[in-house]
Structures are given as structure tokens and as C-alpha cells.
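Below is start.cif, which holds mmCIF, C-alpha atoms.
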```
data_coords
#
loop_
_atom_site.label_atom_id
_atom_site.label_comp_id
_atom_site.auth_asym_id
_atom_site.auth_seq_id
_atom_site.Cartn_x
_atom_site.Cartn_y
_atom_site.Cartn_z
CA MET A 1137 10.11 -187.44 -31.27
CA TRP A 1138 9.84 -184.23 -33.29
CA ARG A 1139 10.26 -186.12 -36.55
CA ARG A 1140 7.45 -188.52 -35.61
CA LEU A 1141 5.10 -185.65 -34.86
CA MET A 1142 5.93 -183.94 -38.15
CA ALA A 1143 5.41 -187.21 -40.04
CA ARG A 1144 1.96 -187.66 -38.48
CA ARG A 1145 1.10 -184.06 -39.32
CA ASP A 1146 2.13 -184.52 -42.95
CA LYS A 1147 -0.10 -187.58 -43.22
CA SER A 1148 -3.12 -185.96 -41.61
CA GLU A 1149 -3.00 -182.60 -43.45
CA PRO A 1150 -3.32 -182.45 -47.24
CA ASN A 1151 -0.50 -180.76 -49.08
CA SER A 1152 -0.97 -178.05 -51.74
CA ALA A 1153 -0.94 -180.55 -54.59
CA GLN A 1154 -3.70 -182.61 -52.98
CA PHE A 1155 -5.73 -179.44 -52.39
CA ASP A 1156 -5.36 -178.39 -56.01
CA ASP A 1157 -6.49 -181.81 -57.21
CA SER A 1158 -9.56 -181.74 -54.95
CA TYR A 1159 -10.33 -178.22 -56.11
CA TYR A 1160 -10.18 -178.97 -59.82
CA LEU A 1161 -12.03 -182.28 -59.47
CA ALA A 1162 -14.86 -180.79 -57.37
CA SER A 1163 -18.29 -180.28 -58.89
CA GLN A 1164 -20.02 -176.92 -59.21
CA TRP A 1165 -22.11 -177.51 -56.08
CA GLN A 1166 -19.05 -178.59 -54.07
CA LEU A 1167 -17.24 -175.40 -55.07
CA MET A 1168 -20.28 -173.34 -54.10
CA TRP A 1169 -20.45 -175.03 -50.70
CA ARG A 1170 -16.73 -174.39 -50.07
CA LYS A 1171 -17.08 -170.71 -50.83
CA PHE A 1172 -20.33 -170.40 -48.90
CA ARG A 1173 -18.72 -171.87 -45.76
CA ARG A 1174 -16.11 -169.08 -45.81
CA HIS A 1175 -18.92 -166.49 -45.54
CA ARG A 1176 -19.25 -166.51 -41.74
CA LEU A 1177 -22.18 -164.13 -41.58
CA ALA A 1178 -24.12 -166.27 -44.05
CA MET A 1179 -23.36 -169.42 -42.07
CA ILE A 1180 -24.55 -167.78 -38.83
CA SER A 1181 -27.68 -166.60 -40.65
CA LEU A 1182 -28.30 -170.12 -41.92
CA LEU A 1183 -28.15 -171.46 -38.35
CA ILE A 1184 -30.53 -168.73 -37.16
CA ILE A 1185 -33.01 -169.54 -39.94
CA LEU A 1186 -32.85 -173.27 -39.17
CA PHE A 1187 -33.48 -172.50 -35.49
CA LEU A 1188 -36.46 -170.27 -36.32
CA TYR A 1189 -37.99 -172.94 -38.53
CA SER A 1190 -37.46 -175.52 -35.79
CA ILE A 1191 -39.49 -173.20 -33.54
CA ALA A 1192 -42.21 -173.05 -36.17
CA LEU A 1193 -42.21 -176.82 -36.56
CA PHE A 1194 -42.21 -177.63 -32.82
CA ALA A 1195 -44.03 -174.55 -31.53
CA GLU A 1196 -45.97 -176.52 -28.91
CA PHE A 1197 -42.74 -177.94 -27.46
CA TYR A 1198 -41.07 -174.53 -27.22
CA SER A 1199 -44.19 -172.91 -25.74
CA ILE A 1200 -44.61 -172.65 -21.99
CA ASN A 1201 -48.36 -172.06 -21.79
CA ASP A 1202 -51.37 -172.54 -24.02
CA HIS A 1203 -51.20 -169.59 -26.42
CA HIS A 1204 -55.00 -169.13 -26.30
CA ARG A 1205 -55.35 -169.37 -22.50
CA ARG A 1206 -56.22 -166.16 -20.68
CA HIS A 1207 -54.51 -165.48 -17.34
CA VAL A 1208 -56.86 -162.87 -15.93
CA LYS A 1209 -54.63 -162.15 -12.92
CA TYR A 1210 -51.72 -161.27 -15.21
CA ALA A 1211 -53.27 -159.00 -17.87
CA LYS A 1212 -50.56 -156.79 -19.40
CA ALA A 1213 -47.99 -158.28 -17.05
CA PRO A 1214 -44.35 -157.37 -17.79
CA PRO A 1215 -41.76 -160.06 -18.59
CA HIS A 1216 -40.46 -162.00 -15.61
CA ASN A 1217 -36.93 -161.30 -14.44
CA LEU A 1218 -34.57 -164.26 -14.06
CA TYR A 1219 -32.37 -164.28 -10.95
CA PHE A 1220 -29.31 -166.26 -9.91
CA VAL A 1221 -28.72 -164.52 -6.56
CA ASP A 1222 -31.40 -164.32 -3.87
CA GLU A 1223 -31.95 -161.54 -1.36
CA ASP A 1224 -29.58 -163.18 1.13
CA GLY A 1225 -26.74 -163.09 -1.40
CA ASN A 1226 -26.77 -166.84 -2.06
CA PHE A 1227 -25.91 -167.91 -5.61
CA HIS A 1228 -28.16 -170.48 -7.30
CA LEU A 1229 -26.90 -172.48 -10.24
CA ILE A 1230 -30.47 -172.88 -11.54
CA PRO A 1231 -32.15 -169.52 -12.30
CA PHE A 1232 -35.40 -168.65 -10.57
CA ILE A 1233 -38.22 -166.11 -10.72
CA TYR A 1234 -40.56 -164.45 -8.26
CA ASP A 1235 -44.30 -164.49 -8.73
CA LEU A 1236 -45.98 -161.25 -9.79
CA ARG A 1237 -48.52 -159.47 -7.64
CA GLN A 1238 -51.05 -157.13 -9.29
CA GLU A 1239 -52.09 -153.83 -7.79
CA LEU A 1240 -54.63 -151.44 -9.33
CA ASP A 1241 -53.85 -147.74 -9.20
CA MET A 1242 -57.22 -146.14 -8.37
CA ASP A 1243 -56.12 -142.74 -9.68
CA THR A 1244 -55.05 -143.86 -13.16
CA LEU A 1245 -56.81 -147.27 -13.23
CA GLN A 1246 -53.53 -148.75 -14.42
CA ARG A 1247 -52.32 -152.19 -13.40
CA ASN A 1248 -49.02 -152.15 -11.54
CA TYR A 1249 -47.05 -155.31 -10.86
CA SER A 1250 -44.57 -156.02 -8.12
CA GLU A 1251 -42.59 -159.14 -7.26
CA ASP A 1252 -43.65 -161.34 -4.38
CA ARG A 1253 -40.25 -162.28 -2.94
CA SER A 1254 -41.62 -164.59 -0.27
CA GLN A 1255 -40.98 -167.66 -2.43
CA ARG A 1256 -38.67 -168.58 -5.32
CA TYR A 1257 -39.73 -170.64 -8.34
CA HIS A 1258 -36.88 -172.33 -10.18
CA LEU A 1259 -36.73 -172.61 -13.95
CA ARG A 1260 -37.00 -176.20 -15.18
CA PHE A 1261 -36.21 -177.85 -18.50
CA PHE A 1262 -38.32 -180.56 -20.12
CA VAL A 1263 -41.24 -180.12 -17.75
CA LYS A 1264 -44.79 -181.44 -18.01
CA GLY A 1265 -47.46 -178.94 -18.99
CA GLU A 1266 -50.39 -178.55 -21.36
CA PRO A 1267 -50.92 -181.73 -23.45
CA TYR A 1268 -50.48 -181.41 -27.21
CA LYS A 1269 -49.74 -183.47 -30.30
CA LEU A 1270 -46.17 -183.25 -31.53
CA LEU A 1271 -46.28 -182.69 -35.31
CA GLY A 1272 -49.98 -183.45 -35.02
CA ILE A 1273 -49.23 -187.16 -34.48
CA TRP A 1274 -47.72 -188.04 -31.07
CA GLU A 1275 -49.50 -187.03 -27.90
CA THR A 1276 -47.20 -185.63 -25.21
CA ASP A 1277 -47.10 -182.97 -22.50
CA ILE A 1278 -43.35 -182.25 -22.38
CA HIS A 1279 -42.33 -178.60 -22.85
CA LEU A 1280 -38.86 -177.11 -23.11
CA LEU A 1281 -39.23 -174.62 -20.24
CA GLY A 1282 -41.37 -174.22 -17.17
CA VAL A 1283 -41.37 -173.28 -13.49
CA ASP A 1284 -42.55 -174.90 -10.34
CA GLU A 1285 -46.29 -174.71 -9.70
CA PRO A 1286 -48.39 -172.75 -8.81
CA ALA A 1287 -46.40 -169.93 -10.46
CA VAL A 1288 -46.53 -169.19 -14.19
CA TYR A 1289 -43.63 -167.93 -16.28
CA PHE A 1290 -43.99 -165.19 -18.91
CA PRO A 1291 -40.60 -164.52 -20.58
CA PHE A 1292 -42.13 -161.89 -22.92
CA GLY A 1293 -44.95 -160.73 -20.65
CA THR A 1294 -48.66 -160.92 -21.52
CA ASP A 1295 -51.09 -159.00 -23.73
CA ASP A 1296 -54.20 -157.08 -22.65
CA LEU A 1297 -56.17 -160.35 -22.26
CA GLY A 1298 -53.51 -162.05 -20.15
CA ARG A 1299 -52.28 -164.42 -22.88
CA ASP A 1300 -48.64 -165.49 -22.81
CA LEU A 1301 -46.84 -163.42 -25.45
CA TYR A 1302 -43.88 -165.82 -25.59
CA SER A 1303 -46.05 -168.83 -26.42
CA ARG A 1304 -48.05 -166.80 -28.92
CA THR A 1305 -44.84 -165.64 -30.60
CA MET A 1306 -43.68 -169.25 -30.94
CA HIS A 1307 -46.95 -170.25 -32.59
CA ALA A 1308 -47.00 -167.10 -34.73
CA ALA A 1309 -43.66 -168.15 -36.24
CA ARG A 1310 -45.42 -171.13 -37.81
CA ILE A 1311 -47.72 -168.96 -39.95
CA SER A 1312 -45.31 -166.11 -40.69
CA LEU A 1313 -42.42 -168.34 -41.74
CA SER A 1314 -44.49 -170.90 -43.63
CA ILE A 1315 -46.44 -168.27 -45.56
CA GLY A 1316 -43.12 -166.83 -46.71
CA VAL A 1317 -41.93 -170.20 -48.02
CA PHE A 1318 -45.22 -171.25 -49.63
CA GLY A 1319 -45.74 -167.84 -51.19
CA VAL A 1320 -42.23 -167.82 -52.63
CA VAL A 1321 -42.62 -171.37 -53.97
CA ILE A 1322 -45.81 -170.39 -55.83
CA SER A 1323 -44.32 -167.15 -57.19
CA PHE A 1324 -41.10 -169.03 -58.04
CA CYS A 1325 -42.97 -171.58 -60.14
CA LEU A 1326 -45.02 -168.85 -61.86
CA GLY A 1327 -41.95 -166.71 -62.52
CA CYS A 1328 -39.87 -169.56 -63.91
CA LEU A 1329 -42.70 -170.87 -66.10
CA ILE A 1330 -43.95 -167.55 -67.48
CA GLY A 1331 -40.49 -166.03 -67.76
CA GLY A 1332 -39.20 -169.21 -69.41
CA ILE A 1333 -41.98 -169.18 -72.01
CA SER A 1334 -41.40 -165.48 -72.68
CA GLY A 1335 -37.65 -165.81 -73.15
CA TYR A 1336 -37.67 -169.10 -75.02
CA PHE A 1337 -40.30 -168.35 -77.66
CA GLY A 1338 -39.79 -164.59 -78.01
CA GLY A 1339 -41.72 -162.70 -80.68
CA SER A 1340 -45.36 -161.89 -80.05
CA VAL A 1341 -45.53 -164.24 -77.04
CA ASP A 1342 -42.69 -162.34 -75.37
CA LEU A 1343 -44.32 -159.00 -76.27
CA VAL A 1344 -47.69 -159.88 -74.69
CA ILE A 1345 -46.16 -161.37 -71.53
CA GLN A 1346 -43.82 -158.42 -70.97
CA ARG A 1347 -46.66 -155.90 -71.34
CA ILE A 1348 -48.68 -157.83 -68.73
CA ILE A 1349 -45.67 -157.88 -66.38
CA GLU A 1350 -45.11 -154.15 -66.85
CA PHE A 1351 -48.77 -153.47 -66.07
CA ILE A 1352 -48.59 -155.48 -62.83
CA ILE A 1353 -45.31 -153.85 -61.80
CA SER A 1354 -46.75 -150.37 -62.43
CA ILE A 1355 -49.45 -150.93 -59.80
CA PRO A 1356 -48.26 -150.02 -56.25
CA HIS A 1357 -47.86 -153.29 -54.38
CA ILE A 1358 -49.32 -152.35 -51.01
CA PRO A 1359 -52.65 -151.00 -52.41
CA LEU A 1360 -52.86 -154.04 -54.67
CA TRP A 1361 -52.25 -156.38 -51.72
CA ILE A 1362 -54.85 -154.52 -49.68
CA ALA A 1363 -57.43 -154.73 -52.48
CA LEU A 1364 -56.87 -158.44 -53.06
CA ALA A 1365 -56.82 -159.26 -49.33
CA ALA A 1366 -60.01 -157.24 -48.73
CA ALA A 1367 -61.73 -159.28 -51.44
CA LEU A 1368 -61.46 -162.44 -49.33
CA PRO A 1369 -64.91 -163.42 -47.97
CA PRO A 1370 -65.30 -162.51 -44.28
CA GLN A 1371 -66.93 -165.88 -43.48
CA TRP A 1372 -63.81 -167.83 -44.44
CA SER A 1373 -62.09 -169.91 -41.78
CA SER A 1374 -58.54 -169.24 -40.59
CA ILE A 1375 -57.14 -171.96 -42.85
CA GLN A 1376 -58.94 -170.60 -45.90
CA VAL A 1377 -57.70 -167.07 -45.14
CA TYR A 1378 -54.17 -168.44 -44.72
CA PHE A 1379 -54.13 -169.99 -48.19
CA GLY A 1380 -55.93 -166.97 -49.62
CA ILE A 1381 -53.27 -164.57 -48.30
CA THR A 1382 -50.55 -166.89 -49.62
CA ILE A 1383 -52.05 -166.79 -53.11
CA VAL A 1384 -52.55 -163.01 -52.90
CA LEU A 1385 -48.87 -162.46 -52.11
CA ALA A 1386 -47.74 -164.94 -54.76
CA THR A 1387 -49.79 -163.34 -57.55
CA VAL A 1388 -47.71 -160.16 -57.29
CA GLY A 1389 -44.27 -161.48 -56.38
CA TRP A 1390 -43.53 -163.47 -59.54
CA THR A 1391 -43.01 -160.56 -61.95
CA THR A 1392 -39.42 -159.67 -60.99
CA LEU A 1393 -38.28 -163.28 -61.22
CA ALA A 1394 -40.06 -163.72 -64.56
CA ARG A 1395 -38.13 -160.83 -66.09
CA ALA A 1396 -34.83 -162.18 -64.75
CA VAL A 1397 -35.54 -165.67 -66.11
CA ARG A 1398 -36.57 -164.21 -69.44
CA GLY A 1399 -33.24 -162.38 -69.75
CA LYS A 1400 -31.28 -165.55 -68.95
CA LEU A 1401 -33.20 -167.60 -71.51
CA LEU A 1402 -32.74 -165.00 -74.22
CA GLU A 1403 -29.03 -165.42 -73.61
CA LEU A 1404 -28.99 -169.24 -73.56
CA ARG A 1405 -31.69 -170.32 -76.00
CA GLU A 1406 -29.22 -170.40 -78.92
CA ALA A 1407 -26.57 -172.33 -76.99
CA ASP A 1408 -25.19 -175.60 -78.34
CA PHE A 1409 -26.82 -177.82 -75.71
CA VAL A 1410 -30.24 -176.31 -76.57
CA MET A 1411 -29.70 -176.97 -80.26
CA ALA A 1412 -28.71 -180.56 -79.45
CA ALA A 1413 -31.90 -181.00 -77.43
CA ARG A 1414 -34.01 -179.69 -80.33
CA ILE A 1415 -32.29 -182.05 -82.78
CA SER A 1416 -33.12 -184.97 -80.49
CA ASN A 1417 -36.83 -184.07 -80.84
CA MET A 1418 -37.21 -182.94 -77.22
CA GLY A 1419 -40.29 -180.83 -76.54
CA ASP A 1420 -40.08 -177.11 -75.80
CA PHE A 1421 -41.39 -177.52 -72.24
CA ASP A 1422 -38.81 -180.23 -71.48
CA ILE A 1423 -36.00 -178.06 -72.88
CA ILE A 1424 -36.99 -175.18 -70.59
CA VAL A 1425 -37.45 -177.31 -67.46
CA LYS A 1426 -34.70 -179.92 -67.91
CA HIS A 1427 -31.96 -177.91 -69.60
CA LEU A 1428 -32.35 -174.13 -69.53
CA LEU A 1429 -33.56 -173.56 -65.95
CA PRO A 1430 -31.00 -175.96 -64.36
CA SER A 1431 -28.20 -174.20 -66.26
CA PHE A 1432 -28.54 -171.18 -63.95
CA ALA A 1433 -29.94 -172.94 -60.88
CA SER A 1434 -27.48 -171.14 -58.58
CA PHE A 1435 -28.95 -167.79 -59.66
CA LEU A 1436 -32.48 -169.07 -59.01
CA ILE A 1437 -31.50 -170.23 -55.51
CA VAL A 1438 -30.18 -166.76 -54.69
CA VAL A 1439 -33.38 -165.11 -55.95
CA LEU A 1440 -35.44 -167.61 -53.95
CA SER A 1441 -33.63 -166.86 -50.68
CA LEU A 1442 -33.92 -163.10 -51.18
CA SER A 1443 -37.66 -163.29 -51.94
CA VAL A 1444 -38.68 -164.97 -48.66
CA PRO A 1445 -38.18 -161.88 -46.41
CA GLY A 1446 -40.29 -159.81 -48.80
CA MET A 1447 -43.16 -162.28 -48.41
CA ILE A 1448 -42.80 -162.28 -44.62
CA LEU A 1449 -42.85 -158.47 -44.49
CA ALA A 1450 -45.87 -158.37 -46.79
CA GLU A 1451 -47.84 -160.78 -44.58
CA THR A 1452 -46.81 -158.86 -41.46
CA ALA A 1453 -47.96 -155.58 -43.01
CA LEU A 1454 -51.33 -156.97 -44.10
CA SER A 1455 -51.97 -158.62 -40.72
CA PHE A 1456 -50.87 -155.45 -38.89
CA LEU A 1457 -53.47 -153.53 -40.93
CA GLU A 1458 -56.07 -156.17 -39.89
CA ILE A 1459 -56.73 -157.36 -43.46
CA GLY A 1460 -54.38 -160.34 -43.43
CA ILE A 1461 -54.40 -163.34 -41.10
CA ARG A 1462 -57.43 -163.14 -38.81
CA PRO A 1463 -57.70 -164.18 -35.16
CA PRO A 1464 -57.85 -166.71 -33.58
CA ALA A 1465 -54.94 -167.61 -35.90
CA VAL A 1466 -51.75 -165.84 -34.84
CA SER A 1467 -48.88 -164.47 -36.88
CA TRP A 1468 -46.24 -161.88 -36.02
CA GLY A 1469 -48.34 -159.27 -37.80
CA VAL A 1470 -51.43 -160.21 -35.77
CA LEU A 1471 -49.47 -159.88 -32.52
CA LEU A 1472 -48.23 -156.44 -33.53
CA GLN A 1473 -51.84 -155.22 -33.82
CA ASN A 1474 -51.78 -154.67 -30.05
CA ALA A 1475 -48.91 -152.17 -30.48
CA GLN A 1476 -50.69 -149.81 -32.87
CA ASN A 1477 -51.10 -146.86 -30.51
CA ILE A 1478 -48.65 -144.89 -28.42
CA ARG A 1479 -50.56 -145.56 -25.19
CA SER A 1480 -50.09 -149.32 -25.48
CA LEU A 1481 -46.41 -148.88 -26.27
CA SER A 1482 -45.83 -146.54 -23.32
CA GLN A 1483 -47.53 -148.93 -20.89
CA SER A 1484 -46.52 -152.26 -22.44
CA PRO A 1485 -43.38 -151.88 -24.61
CA TRP A 1486 -42.89 -155.67 -24.59
CA LEU A 1487 -45.72 -155.93 -27.14
CA LEU A 1488 -43.11 -155.01 -29.78
CA ILE A 1489 -41.09 -158.19 -29.16
CA PRO A 1490 -42.70 -160.05 -32.14
CA GLY A 1491 -41.39 -157.23 -34.33
CA LEU A 1492 -37.83 -158.15 -33.26
CA PHE A 1493 -38.42 -161.65 -34.64
CA VAL A 1494 -39.47 -160.12 -37.96
CA ILE A 1495 -36.31 -157.99 -38.06
CA VAL A 1496 -34.00 -160.90 -37.18
CA THR A 1497 -35.65 -163.16 -39.77
CA VAL A 1498 -35.45 -160.59 -42.57
CA LEU A 1499 -31.81 -159.77 -41.80
CA ALA A 1500 -30.89 -163.47 -41.63
CA PHE A 1501 -32.46 -164.17 -45.03
CA ASN A 1502 -30.73 -161.14 -46.55
CA PHE A 1503 -27.32 -162.17 -45.21
CA LEU A 1504 -27.96 -165.72 -46.39
CA GLY A 1505 -28.82 -164.38 -49.85
CA ASP A 1506 -25.60 -162.35 -49.89
CA GLY A 1507 -23.59 -165.47 -49.09
CA LEU A 1508 -25.38 -167.48 -51.76
CA ARG A 1509 -24.84 -164.68 -54.27
CA ASP A 1510 -21.08 -164.79 -53.64
CA ALA A 1511 -21.02 -168.59 -53.71
CA ALA A 1512 -23.01 -168.71 -56.95
CA ASP A 1513 -19.80 -167.76 -58.78
CA PRO A 1514 -17.23 -170.01 -57.07
CA TYR A 1515 -14.46 -169.15 -59.54
CA LYS A 1516 -14.56 -165.46 -58.68
CA GLN A 1517 -12.11 -164.51 -55.95
#
```

Could you render the structure from this file as C-alpha cells?
Amino acid sequence: MWRRLMARRDKSEPNSAQFDDSYYLASQWQLMWRKFRRHRLAMISLLIILFLYSIALFAEFYSINDHHRRHVKYAKAPPHNLYFVDEDGNFHLIPFIYDLRQELDMDTLQRNYSEDRSQRYHLRFFVKGEPYKLLGIWETDIHLLGVDEPAVYFPFGTDDLGRDLYSRTMHAARISLSIGVFGVVISFCLGCLIGGISGYFGGSVDLVIQRIIEFIISIPHIPLWIALAAALPPQWSSIQVYFGITIVLATVGWTTLARAVRGKLLELREADFVMAARISNMGDFDIIVKHLLPSFASFLIVVLSLSVPGMILAETALSFLEIGIRPPAVSWGVLLQNAQNIRSLSQSPWLLIPGLFVIVTVLAFNFLGDGLRDAADPYKQ
């Protein structure tokens, strides 16, 4: 019996010789993926980023209430508490909440909320709510979470106008995360193109481009962002402002990548494969795009992943200063505008919850970049 089990184990598990063969026959990308999978923190960060982008893509499904709807009875209401045990000591497998009751303090004119424990409202999954179009195509009214009517559920509380902060945070992820990706893509293309031209041709072309890059880098980024964002016309719509802010962030973020690409091309432009491409009468642009840039694609991927959190922080800062994304559009920076003074924070500390999403996103991208940086050199132990 023992021999049979050992024989099955030997057949199912590869021996050291088989592992060595698979290792030496693997491609560069397969080796990178193997090493990246061993970086547990990077893998967890990748899952977190995928989850956040799924929220941005299906924000209406994850939302509980309409993110523009005002619940006047629940202005500046604190987050609901979830319970599993009722007042009689009975355990409930499905969590429940109690409705909130508002009381106005006539001395301080501050709203105080207490729980109405006369009735329980159980948390439900895949409930019907506000109708919406999934991905802008399919009409549906199914939401991930909800409670029994007539109660309303606010996991993150509400703002000063009674709008559900949880639903607004879900919708804000769509702008904050997408503006980071689109801004990085634009700056990535500019950096690769301009840095590639500078490093490939050299000479006077390289001299002029590097002086322009040094001039842009010498300008403090935040004042430059503020000046460019303030130049956007005030009559622009939310969509126009969105693309305008994306272009503003991209026009500054390409300089660091351009200098890195220029250094790589100065190193590789005299390589044998470049000389072979020139002999075959291939154009300069094709040599840069089809041969030189792909030769250090792993490095470019690492730079790309590390640039996204910078774009997200830049958009959050501009929106927080009220010169970025403008209401009624919502981003994490727009939501943090309500937490600009100490009085709001002392009375409604839950207004800082969107800032936690910014922190988690930035840390996840940084850890992902660290894992990609280690995996970019799969032969290094």
C-alpha cells in the first residue's frame, strides 16, 4: 500500500530534473511570472487593485443608494452598526441594523442620532433598489447590499446634505482610478516617444530635449498643476474637466520616464540587433518602437505601475483644493473637501473614509511595483 502511494506521488510531482528543464526552457515572461508569484505582498496587492477596479467598473452594483440622492432626515448621520445578537441575547445568522432617530440639541444646534431598537432590519444580498444601466448597456435594479424597507443603510454614514457616503465613495473610485490609468498612459507614451528620440539620435536633438526636460523638472509640480488646472474654463462640463485634468497631470509626469528611456537607449543603440535592423533598411521610428523599447519592456512595466499612485495623489490633491474635478462629478478628492476643517472632523470623523481608499490604493500600487521590480530580473536570486 505504501509503495503504491509513493509511486502515485512520484508520478504527480515533478522531480528536480523536470523542474530544471522547465526552468531553462521557460521564456522571459514565464520566469518573471514565477518570481512574481513568490512575492506574497505583491500578489495580495494585485488582488486588492483588481477588486478596486471592479468597484470602479461596477460602481452602481456595489452602491446601496443613489449617490446624488439627499436623505434630509439623515444629514451627517454616523455609520450604521451591524449586529448579530439582539437585545434578548438571541443570535442571528444574518446581520441586522437598527434605524437611526435624529434629535436636535437646542443648546448646540447639533444633530444627535440614536438607534430605534423597536424593529430590526436584516442585511440582504442582491436586493432590488434604484434602477441603473450596468456598464451603460443593460438596465437592471439589482444591488449587492441592502436592507429591508423602509429603513436605509449607510455603512460609511452621510455627508452634510444627507448623501450616502458609501455609494459616493464607490462612484468616486471610477474617476480617481481611471484618471490615474489614463494619465499614466498619456505620460507613458510621451515619455517613451520623446525619451526614445532623445536617446536614439543624440547630438543636438538630445541636447534640446534634455534642456526642456530639465526646465520642466525645475518647476515645482504642485504650483504648476494648480496653474494649469486653474486655466481650465469654468463653463466646462464635468466630462471636459475630467479630460482636462488628465491632460494637465500627464503633461508633467512624462519627464522622469523620458530621462530613464533616454539612458536605456544610449546604452542599446549600438547593439548588434539595432545594427542589423539598420542594415535591413528599417526606419528609425520602427527601430525605436519595435526593437529598442521592447528590449526593456519589463523595466517600463515597473515604471508604469509605480507612476499610477502619483497620478491618483495628484488628482486627489487638486480636487481637495477645489481646482480639480468639480461637482456634481465625484472623486475621492472631491469627497475629502468636506473634511477640510477641524469642526467637521470632530463632529463627523467618518468623512475621512475616502482618504483610507486613497491610502490603500497607493500602498497596493507601490507593493505591486516592488514585486514587479524584483520579477523584472528573474535570474537574480

Return the single residue from A:Leu1240, A:Ile1200, A:Val1496, A:Met1447 that is closest to Ile1322 in chain A, with distances computed using all atoms listed in the file.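 Closest candidate: A:Met1447.
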
Spell out the residues picked by the PyMOL selection byres ((chain A and resi 1366) around 10) here, as a PyMOL selection string. chain A and resi 1360-1365+1367-1370+1381+1454+1458-1460

Can you write out the residues you just picked, keeping C-alpha atoms, as a compact mmCIF listing (two decimals), keeping the file's coordinate frame?
```txt
# COMPACT_ATOMS: atom_id res chain seq x y z
CA LEU A 1360 -52.86 -154.04 -54.67
CA TRP A 1361 -52.25 -156.38 -51.72
CA ILE A 1362 -54.85 -154.52 -49.68
CA ALA A 1363 -57.43 -154.73 -52.48
CA LEU A 1364 -56.87 -158.44 -53.06
CA ALA A 1365 -56.82 -159.26 -49.33
CA ALA A 1367 -61.73 -159.28 -51.44
CA LEU A 1368 -61.46 -162.44 -49.33
CA PRO A 1369 -64.91 -163.42 -47.97
CA PRO A 1370 -65.30 -162.51 -44.28
CA ILE A 1381 -53.27 -164.57 -48.30
CA LEU A 1454 -51.33 -156.97 -44.10
CA GLU A 1458 -56.07 -156.17 -39.89
CA ILE A 1459 -56.73 -157.36 -43.46
CA GLY A 1460 -54.38 -160.34 -43.43
```

Applied to the shown file, which residues does the PyMOL selection byres ((chain A and resi 1394-1396) around 10) return, written as number ranges by chain? A: 1323-1335, 1345-1346, 1349-1350, 1389-1393, 1397-1401, 1435-1436, 1439

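Between CA of Ile1191 in chain A and CA of Ala1309 in chain A lies a distance of 7.1 Å.
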
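Across the chains present, the PyMOL selection byres ((chain A and resi 1276-1287) around 8) applied to this file returns Glu1196, Phe1197, Tyr1198, Ser1199, Ile1200, Asp1235, Tyr1257, His1258, Leu1259, Arg1260, Phe1261, Phe1262, Val1263, Lys1264, Gly1265, Glu1266, Pro1267, Tyr1268, Lys1269, Leu1270, Trp1274, Glu1275, Val1288 and Tyr1289 of chain A.
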
For a quick check of understanding, using only C-alpha atoms, which of A:Asn1201, A:Ser1443, A:Ser1455, A:Gln1483 has the smallest distance to Arg1304 in chain A?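 Of A:Asn1201, A:Ser1443, A:Ser1455, A:Gln1483, the one nearest Arg1304 in chain A is A:Asn1201, counting only C-alpha atoms.
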
In Å, with one decimal, what is the gap from CA of Ile1437 in chain A to CA of Ala1407 in chain A?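 For CA of Ile1437 in chain A relative to CA of Ala1407 in chain A, the distance reads 22.1 Å.
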
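Atom to atom, CA of His1427 in chain A and CA of Asp1342 in chain A stand 19.8 Å apart.
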
Name all residues at most 8 Å from Val1466 in chain A (count only C-alpha atoms; drop same-chain ones fewer than 5 positions away) and give them as a list in words. Arg1304, His1307, Ala1308, Ile1311, Ile1461 and Leu1471 of chain A

Go ahead and save the picked residues with C-alpha atoms, as an mmCIF file, in the coordinates of the input.
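Ended up saving to part.cif:
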```cif
data_model
loop_
_atom_site.group_PDB
_atom_site.id
_atom_site.type_symbol
_atom_site.label_atom_id
_atom_site.label_comp_id
_atom_site.auth_asym_id
_atom_site.auth_seq_id
_atom_site.Cartn_x
_atom_site.Cartn_y
_atom_site.Cartn_z
ATOM 1 C CA ARG A 1304 -48.050 -166.800 -28.920
ATOM 2 C CA HIS A 1307 -46.950 -170.250 -32.590
ATOM 3 C CA ALA A 1308 -47.000 -167.100 -34.730
ATOM 4 C CA ILE A 1311 -47.720 -168.960 -39.950
ATOM 5 C CA ILE A 1461 -54.400 -163.340 -41.100
ATOM 6 C CA LEU A 1471 -49.470 -159.880 -32.520
#
```

Would you list the contacts of range 1488-1492 of chain A as a PyMOL selection string, taking every protein, DNA or RNA residue within 7 Å and counting all atoms listed in the file, but skipping same-chain residues closer than 2 positions in sequence? chain A and resi 1305+1468+1471-1472+1475+1485-1486+1494-1496

Nearest to Glu1451 in chain A by atom-to-atom distance, counting only C-alpha atoms, from A:Val1377, A:Leu1301, A:Leu1343, A:Leu1186: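 For Glu1451 in chain A, the nearest of the given residues is A:Val1377.
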
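Proximity ranking of A:Gly1319, A:Gly1505, A:Val1425, A:Arg1479 relative to Val1384 in chain A places A:Gly1319 first, based on only C-alpha atoms.
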
My list of candidates is A:Leu1167, A:Ile1230, A:Ala1213, A:Leu1385. Which is closest to Ser1434 in chain A when distances are computed with only C-alpha atoms? A:Leu1167

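Using all atoms listed in the file, the shortest contact distance between Phe1337 in chain A and any of A:Phe1194, A:Tyr1249, A:Phe1421, A:Tyr1210 is found at A:Phe1421.
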
Residues proximal to (-44.1, -164.0, -44.5) were defined as those with any atom within 8 Å of that point in the file's coordinates, counting all atoms listed in the file. Which are they, as JSON, numbers by chain? {"A": [1311, 1312, 1313, 1314, 1315, 1316, 1317, 1319, 1444, 1445, 1446, 1447, 1448, 1449, 1450, 1451, 1452]}

Generate a file of the selected residues that holds C-alpha atoms, formatted as a PDB file, in the coordinates of the input.
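The result, written out as part07.pdb:
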```
ATOM      1  CA  ILE A1311     -47.720-168.960 -39.950  1.00  0.00           C
ATOM      2  CA  SER A1312     -45.310-166.110 -40.690  1.00  0.00           C
ATOM      3  CA  LEU A1313     -42.420-168.340 -41.740  1.00  0.00           C
ATOM      4  CA  SER A1314     -44.490-170.900 -43.630  1.00  0.00           C
ATOM      5  CA  ILE A1315     -46.440-168.270 -45.560  1.00  0.00           C
ATOM      6  CA  GLY A1316     -43.120-166.830 -46.710  1.00  0.00           C
ATOM      7  CA  VAL A1317     -41.930-170.200 -48.020  1.00  0.00           C
ATOM      8  CA  GLY A1319     -45.740-167.840 -51.190  1.00  0.00           C
ATOM      9  CA  VAL A1444     -38.680-164.970 -48.660  1.00  0.00           C
ATOM     10  CA  PRO A1445     -38.180-161.880 -46.410  1.00  0.00           C
ATOM     11  CA  GLY A1446     -40.290-159.810 -48.800  1.00  0.00           C
ATOM     12  CA  MET A1447     -43.160-162.280 -48.410  1.00  0.00           C
ATOM     13  CA  ILE A1448     -42.800-162.280 -44.620  1.00  0.00           C
ATOM     14  CA  LEU A1449     -42.850-158.470 -44.490  1.00  0.00           C
ATOM     15  CA  ALA A1450     -45.870-158.370 -46.790  1.00  0.00           C
ATOM     16  CA  GLU A1451     -47.840-160.780 -44.580  1.00  0.00           C
ATOM     17  CA  THR A1452     -46.810-158.860 -41.460  1.00  0.00           C
TER      18      THR A1452
END
```
